[in-house]
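Here's model.cif, which has mmCIF, C-alpha atoms; chains and numbers go by the auth columns:
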data_query
loop_
_atom_site.group_PDB
_atom_site.id
_atom_site.type_symbol
_atom_site.label_atom_id
_atom_site.label_comp_id
_atom_site.label_asym_id
_atom_site.label_seq_id
_atom_site.Cartn_x
_atom_site.Cartn_y
_atom_site.Cartn_z
_atom_site.B_iso_or_equiv
_atom_site.auth_seq_id
_atom_site.auth_asym_id
ATOM 1 C CA MET A 1 -44.011 66.357 79.618 0.00 1359 A
ATOM 2 C CA ASN A 2 -41.406 68.314 81.586 0.00 1360 A
ATOM 3 C CA VAL A 3 -41.479 72.030 82.337 0.00 1361 A
ATOM 4 C CA LEU A 4 -39.025 72.833 79.533 0.00 1362 A
ATOM 5 C CA GLY A 5 -41.177 70.915 77.034 0.00 1363 A
ATOM 6 C CA LYS A 6 -44.330 72.736 78.160 0.00 1364 A
ATOM 7 C CA ALA A 7 -42.577 76.119 77.931 0.00 1365 A
ATOM 8 C CA LEU A 8 -41.227 75.299 74.477 0.00 1366 A
ATOM 9 C CA GLY A 9 -44.679 74.143 73.324 0.00 1367 A
ATOM 10 C CA LEU A 10 -46.280 77.302 74.702 0.00 1368 A
ATOM 11 C CA GLY A 11 -43.629 79.441 72.972 0.00 1369 A
ATOM 12 C CA ILE A 12 -44.239 77.746 69.625 0.00 1370 A
ATOM 13 C CA ALA A 13 -48.015 78.108 70.007 0.00 1371 A
ATOM 14 C CA THR A 14 -47.655 81.791 70.916 0.00 1372 A
ATOM 15 C CA ALA A 15 -45.373 82.438 67.927 0.00 1373 A
ATOM 16 C CA ALA A 16 -47.756 80.622 65.582 0.00 1374 A
ATOM 17 C CA PHE A 17 -50.709 82.669 66.882 0.00 1375 A
ATOM 18 C CA ALA A 18 -48.758 85.913 66.558 0.00 1376 A
ATOM 19 C CA MET A 19 -47.859 85.120 62.961 0.00 1377 A
ATOM 20 C CA ALA A 20 -51.411 84.042 62.090 0.00 1378 A
ATOM 21 C CA SER A 21 -53.136 87.043 63.687 0.00 1379 A
ATOM 22 C CA PRO A 22 -51.866 89.694 61.250 0.00 1380 A
ATOM 23 C CA ALA A 23 -53.018 87.577 58.301 0.00 1381 A
ATOM 24 C CA ALA A 24 -56.537 87.477 59.729 0.00 1382 A
ATOM 25 C CA ALA A 25 -56.561 91.249 60.263 0.00 1383 A
ATOM 26 C CA GLN A 26 -55.361 92.319 56.785 0.00 1384 A
ATOM 27 C CA LEU A 27 -57.390 95.015 55.085 0.00 1385 A
ATOM 28 C CA GLN A 28 -58.505 94.558 51.499 0.00 1386 A
ATOM 29 C CA PRO A 29 -57.941 97.246 48.859 0.00 1387 A
ATOM 30 C CA TRP A 30 -61.154 98.833 47.530 0.00 1388 A
ATOM 31 C CA GLU A 31 -63.100 97.020 50.248 0.00 1389 A
ATOM 32 C CA ASP A 32 -61.471 98.587 53.332 0.00 1390 A
ATOM 33 C CA TYR A 33 -59.467 101.389 51.706 0.00 1391 A
ATOM 34 C CA GLU A 34 -59.189 102.951 48.292 0.00 1392 A
ATOM 35 C CA PRO A 35 -55.880 103.888 46.636 0.00 1393 A
ATOM 36 C CA GLN A 36 -56.250 107.372 45.173 0.00 1394 A
ATOM 37 C CA GLU A 37 -55.298 108.128 41.599 0.00 1395 A
ATOM 38 C CA THR A 38 -53.427 111.360 42.391 0.00 1396 A
ATOM 39 C CA VAL A 39 -49.696 110.938 42.945 0.00 1397 A
ATOM 40 C CA ILE A 40 -47.667 113.407 45.007 0.00 1398 A
ATOM 41 C CA GLU A 41 -43.937 113.916 44.589 0.00 1399 A
ATOM 42 C CA LEU A 42 -42.035 115.393 47.531 0.00 1400 A
ATOM 43 C CA THR A 43 -38.447 116.579 47.174 0.00 1401 A
ATOM 44 C CA TYR A 44 -36.529 117.260 50.380 0.00 1402 A
ATOM 45 C CA VAL A 45 -33.912 119.995 50.099 0.00 1403 A
ATOM 46 C CA LYS A 46 -31.187 121.293 52.414 0.00 1404 A
ATOM 47 C CA VAL A 47 -30.425 124.912 51.503 0.00 1405 A
ATOM 48 C CA ASP A 48 -27.210 126.356 52.931 0.00 1406 A
ATOM 49 C CA GLU A 49 -27.631 128.761 55.814 0.00 1407 A
ATOM 50 C CA GLY A 50 -28.375 132.298 54.648 0.00 1408 A
ATOM 51 C CA GLN A 51 -29.052 131.185 51.067 0.00 1409 A
ATOM 52 C CA LEU A 52 -32.805 130.555 51.241 0.00 1410 A
ATOM 53 C CA PRO A 53 -33.825 133.941 49.733 0.00 1411 A
ATOM 54 C CA PHE A 54 -31.516 133.349 46.749 0.00 1412 A
ATOM 55 C CA TYR A 55 -32.781 129.798 46.296 0.00 1413 A
ATOM 56 C CA LEU A 56 -36.421 130.927 46.472 0.00 1414 A
ATOM 57 C CA GLU A 57 -35.736 133.643 43.896 0.00 1415 A
ATOM 58 C CA GLY A 58 -34.229 131.018 41.613 0.00 1416 A
ATOM 59 C CA LEU A 59 -37.163 128.644 42.189 0.00 1417 A
ATOM 60 C CA ARG A 60 -39.610 131.383 41.247 0.00 1418 A
ATOM 61 C CA ASP A 61 -37.819 131.901 37.940 0.00 1419 A
ATOM 62 C CA THR A 62 -37.309 128.202 37.127 0.00 1420 A
ATOM 63 C CA TRP A 63 -39.245 125.568 39.079 0.00 1421 A
ATOM 64 C CA VAL A 64 -42.395 127.647 39.589 0.00 1422 A
ATOM 65 C CA LYS A 65 -42.472 128.774 35.946 0.00 1423 A
ATOM 66 C CA ALA A 66 -41.997 125.184 34.753 0.00 1424 A
ATOM 67 C CA ASN A 67 -44.764 123.972 37.058 0.00 1425 A
ATOM 68 C CA GLU A 68 -47.097 126.725 35.878 0.00 1426 A
ATOM 69 C CA ALA A 69 -46.460 125.613 32.282 0.00 1427 A
ATOM 70 C CA ALA A 70 -47.091 121.949 33.214 0.00 1428 A
ATOM 71 C CA LYS A 71 -50.240 122.917 35.116 0.00 1429 A
ATOM 72 C CA SER A 72 -51.594 124.967 32.202 0.00 1430 A
ATOM 73 C CA ILE A 73 -51.481 121.883 29.941 0.00 1431 A
ATOM 74 C CA GLY A 74 -52.824 119.462 32.575 0.00 1432 A
ATOM 75 C CA GLN A 75 -49.619 117.537 33.281 0.00 1433 A
ATOM 76 C CA ILE A 76 -49.770 118.457 36.967 0.00 1434 A
ATOM 77 C CA THR A 77 -52.672 119.553 39.143 0.00 1435 A
ATOM 78 C CA ASP A 78 -50.820 121.559 41.792 0.00 1436 A
ATOM 79 C CA TYR A 79 -47.452 122.289 43.383 0.00 1437 A
ATOM 80 C CA GLY A 80 -46.106 123.958 46.513 0.00 1438 A
ATOM 81 C CA ILE A 81 -43.031 125.095 48.385 0.00 1439 A
ATOM 82 C CA TYR A 82 -42.812 124.445 52.131 0.00 1440 A
ATOM 83 C CA VAL A 83 -40.265 125.749 54.585 0.00 1441 A
ATOM 84 C CA VAL A 84 -39.364 123.436 57.471 0.00 1442 A
ATOM 85 C CA PRO A 85 -39.316 125.715 60.559 0.00 1443 A
ATOM 86 C CA TYR A 86 -37.977 123.100 62.979 0.00 1444 A
ATOM 87 C CA GLY A 87 -36.826 119.503 63.040 0.00 1445 A
ATOM 88 C CA SER A 88 -33.597 117.579 62.726 0.00 1446 A
ATOM 89 C CA ASN A 89 -32.154 120.219 60.359 0.00 1447 A
ATOM 90 C CA GLU A 90 -31.543 117.575 57.675 0.00 1448 A
ATOM 91 C CA VAL A 91 -33.861 119.505 55.345 0.00 1449 A
ATOM 92 C CA ASN A 92 -35.237 123.015 55.450 0.00 1450 A
ATOM 93 C CA LEU A 93 -37.385 123.100 52.338 0.00 1451 A
ATOM 94 C CA VAL A 94 -39.834 120.660 50.726 0.00 1452 A
ATOM 95 C CA LEU A 95 -41.047 120.925 47.140 0.00 1453 A
ATOM 96 C CA ARG A 96 -44.375 119.272 46.251 0.00 1454 A
ATOM 97 C CA ILE A 97 -45.860 118.407 42.866 0.00 1455 A
ATOM 98 C CA ASN A 98 -49.285 116.762 42.447 0.00 1456 A
ATOM 99 C CA TYR A 99 -49.731 114.615 39.335 0.00 1457 A
ATOM 100 C CA PRO A 100 -53.164 113.457 38.133 0.00 1458 A
ATOM 101 C CA ASN A 101 -51.990 109.817 38.136 0.00 1459 A
ATOM 102 C CA MET A 102 -48.924 107.586 37.937 0.00 1460 A
ATOM 103 C CA ALA A 103 -49.162 107.362 34.132 0.00 1461 A
ATOM 104 C CA THR A 104 -48.310 111.070 33.978 0.00 1462 A
ATOM 105 C CA LEU A 105 -44.794 110.156 35.133 0.00 1463 A
ATOM 106 C CA ASP A 106 -44.231 107.711 32.279 0.00 1464 A
ATOM 107 C CA PRO A 107 -41.992 108.793 29.374 0.00 1465 A
ATOM 108 C CA ASP A 108 -44.112 110.207 26.582 0.00 1466 A
ATOM 109 C CA LYS A 109 -42.643 112.149 23.660 0.00 1467 A
ATOM 110 C CA ALA A 110 -45.937 113.844 22.792 0.00 1468 A
ATOM 111 C CA GLU A 111 -46.321 115.092 26.392 0.00 1469 A
ATOM 112 C CA TYR A 112 -42.661 116.198 26.447 0.00 1470 A
ATOM 113 C CA ASP A 113 -43.159 118.145 23.208 0.00 1471 A
ATOM 114 C CA LYS A 114 -46.350 119.702 24.607 0.00 1472 A
ATOM 115 C CA PHE A 115 -44.454 120.799 27.726 0.00 1473 A
ATOM 116 C CA MET A 116 -41.539 122.202 25.703 0.00 1474 A
ATOM 117 C CA ASP A 117 -44.003 124.209 23.587 0.00 1475 A
ATOM 118 C CA ALA A 118 -45.520 125.654 26.793 0.00 1476 A
ATOM 119 C CA TRP A 119 -42.199 126.082 28.631 0.00 1477 A
ATOM 120 C CA GLY A 120 -39.980 127.231 25.752 0.00 1478 A
ATOM 121 C CA LYS A 121 -36.360 126.626 24.804 0.00 1479 A
ATOM 122 C CA ALA A 122 -35.206 129.928 26.336 0.00 1480 A
ATOM 123 C CA ASN A 123 -36.674 128.989 29.728 0.00 1481 A
ATOM 124 C CA GLN A 124 -35.032 125.554 29.546 0.00 1482 A
ATOM 125 C CA GLU A 125 -31.605 127.039 28.832 0.00 1483 A
ATOM 126 C CA SER A 126 -31.990 129.704 31.543 0.00 1484 A
ATOM 127 C CA SER A 127 -33.162 127.090 34.051 0.00 1485 A
ATOM 128 C CA SER A 128 -30.244 124.760 33.273 0.00 1486 A
ATOM 129 C CA LYS A 129 -27.824 127.653 33.766 0.00 1487 A
ATOM 130 C CA THR A 130 -29.424 128.555 37.136 0.00 1488 A
ATOM 131 C CA VAL A 131 -29.136 124.946 38.315 0.00 1489 A
ATOM 132 C CA ARG A 132 -25.461 124.754 37.300 0.00 1490 A
ATOM 133 C CA GLU A 133 -24.407 128.181 38.544 0.00 1491 A
ATOM 134 C CA LEU A 134 -26.555 128.657 41.651 0.00 1492 A
ATOM 135 C CA TYR A 135 -28.480 125.637 42.898 0.00 1493 A
ATOM 136 C CA ASN A 136 -25.594 123.176 42.841 0.00 1494 A
ATOM 137 C CA LYS A 137 -23.583 125.569 45.033 0.00 1495 A
ATOM 138 C CA ILE A 138 -26.185 126.399 47.696 0.00 1496 A
ATOM 139 C CA ARG A 139 -28.398 123.327 48.107 0.00 1497 A
ATOM 140 C CA LYS A 140 -28.384 119.555 48.320 0.00 1498 A
ATOM 141 C CA ILE A 141 -31.302 117.330 47.346 0.00 1499 A
ATOM 142 C CA LYS A 142 -31.774 114.960 50.298 0.00 1500 A
ATOM 143 C CA GLY A 143 -34.379 112.734 48.670 0.00 1501 A
ATOM 144 C CA THR A 144 -37.396 112.546 46.425 0.00 1502 A
ATOM 145 C CA TYR A 145 -40.428 110.420 47.271 0.00 1503 A
ATOM 146 C CA VAL A 146 -43.551 109.573 45.309 0.00 1504 A
ATOM 147 C CA LEU A 147 -46.673 109.095 47.427 0.00 1505 A
ATOM 148 C CA ARG A 148 -50.140 107.729 46.764 0.00 1506 A
ATOM 149 C CA GLU A 149 -52.847 108.380 49.337 0.00 1507 A
ATOM 150 C CA LEU A 150 -54.946 105.523 50.724 0.00 1508 A
ATOM 151 C CA LYS A 151 -58.419 106.620 51.857 0.00 1509 A
ATOM 152 C CA MET A 152 -59.776 104.431 54.618 0.00 1510 A
ATOM 153 C CA LYS A 153 -63.420 103.364 54.408 0.00 1511 A
ATOM 154 C CA MET A 154 -65.367 103.351 57.651 0.00 1512 A
#
Let me see whether you can do it: turn the structure in this file into structure tokens.
Amino acid sequence: MNVLGKALGLGIATAAFAMASPAAAQLQPWEDYEPQETVIELTYVKVDEGQLPFYLEGLRDTWVKANEAAKSIGQITDYGIYVVPYGSNEVNLVLRINYPNMATLDPDKAEYDKFMDAWGKANQESSSKTVRELYNKIRKIKGTYVLRELKMKM
């Protein structure tokens, strides 16, 4: 076999080993790690410069109130607002909502009605007006992500 043939054979063997190695090292769910039931939603927001105090005031009167209503009836377990003090400047605020599980995000008329009873029609109308008249002028939603934690077993 010539040098080129040996090199080609070695290259194929190396590639085959490299592709086989990850398969041998794969972790197994519930054996090596456990997916958690809680689901976290993160929304990345870019608020216009100088507008953060106005946006936060609006969030307090809309988003926070809605989350408090959802929390009081068990639809969410927690929520938070995070400022991004440094970075690429693509976002400067992150909104977090913790749901008990993925099923909580499914459409459910009974749960919707329960939320509307807790939240109220007046709050819904006021919130919609704030979104139209304030939020859409001073912020851009850069993305929303749903996360599920994986706890590694040692």
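Across the structure, atom CA of A:Ile1455 and atom CA of A:Lys1429 are spaced 10.0 Å apart.
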Report task. Evaluate the PyMOL selection byres ((chain A and resi 1408-1414) around 12) and record the selected residues as a VMD selection string, following the chain and residue labels used in the document. Result -> chain A and resid 1403 to 1407 1415 to 1422 1438 to 1442 1449 to 1453 1488 to 1489 1491 to 1498
**Report entry** Shell of 9 Å around A:Ile1398, all atoms listed in the file, local chain residues under 2 positions omitted, as JSON, numbers by chain
**Finding:** {"A": [1396, 1400, 1454, 1455, 1456, 1457, 1458, 1459, 1503, 1504, 1505, 1506, 1507]}
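When atom CA of A:Gly1501 is paired with atom CA of A:Asn1447, their separation reads 14.1 Å.
Here atom CA of A:Lys1509 is placed at a distance of 27.6 Å from atom CA of A:Ile1431.
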Report task. Find, counting only C-alpha atoms, the residue in A:Ala1468, A:Leu1385, A:Ala1424, A:Met1510 that gets nearest to A:Asn1481. Result -> A:Ala1424
Query - Answer key for the PyMOL selection byres ((chain A and resi 1393) around 8), residues as a PyMOL selection string - result: chain A and resi 1387-1388+1391-1392+1394-1395+1506-1509
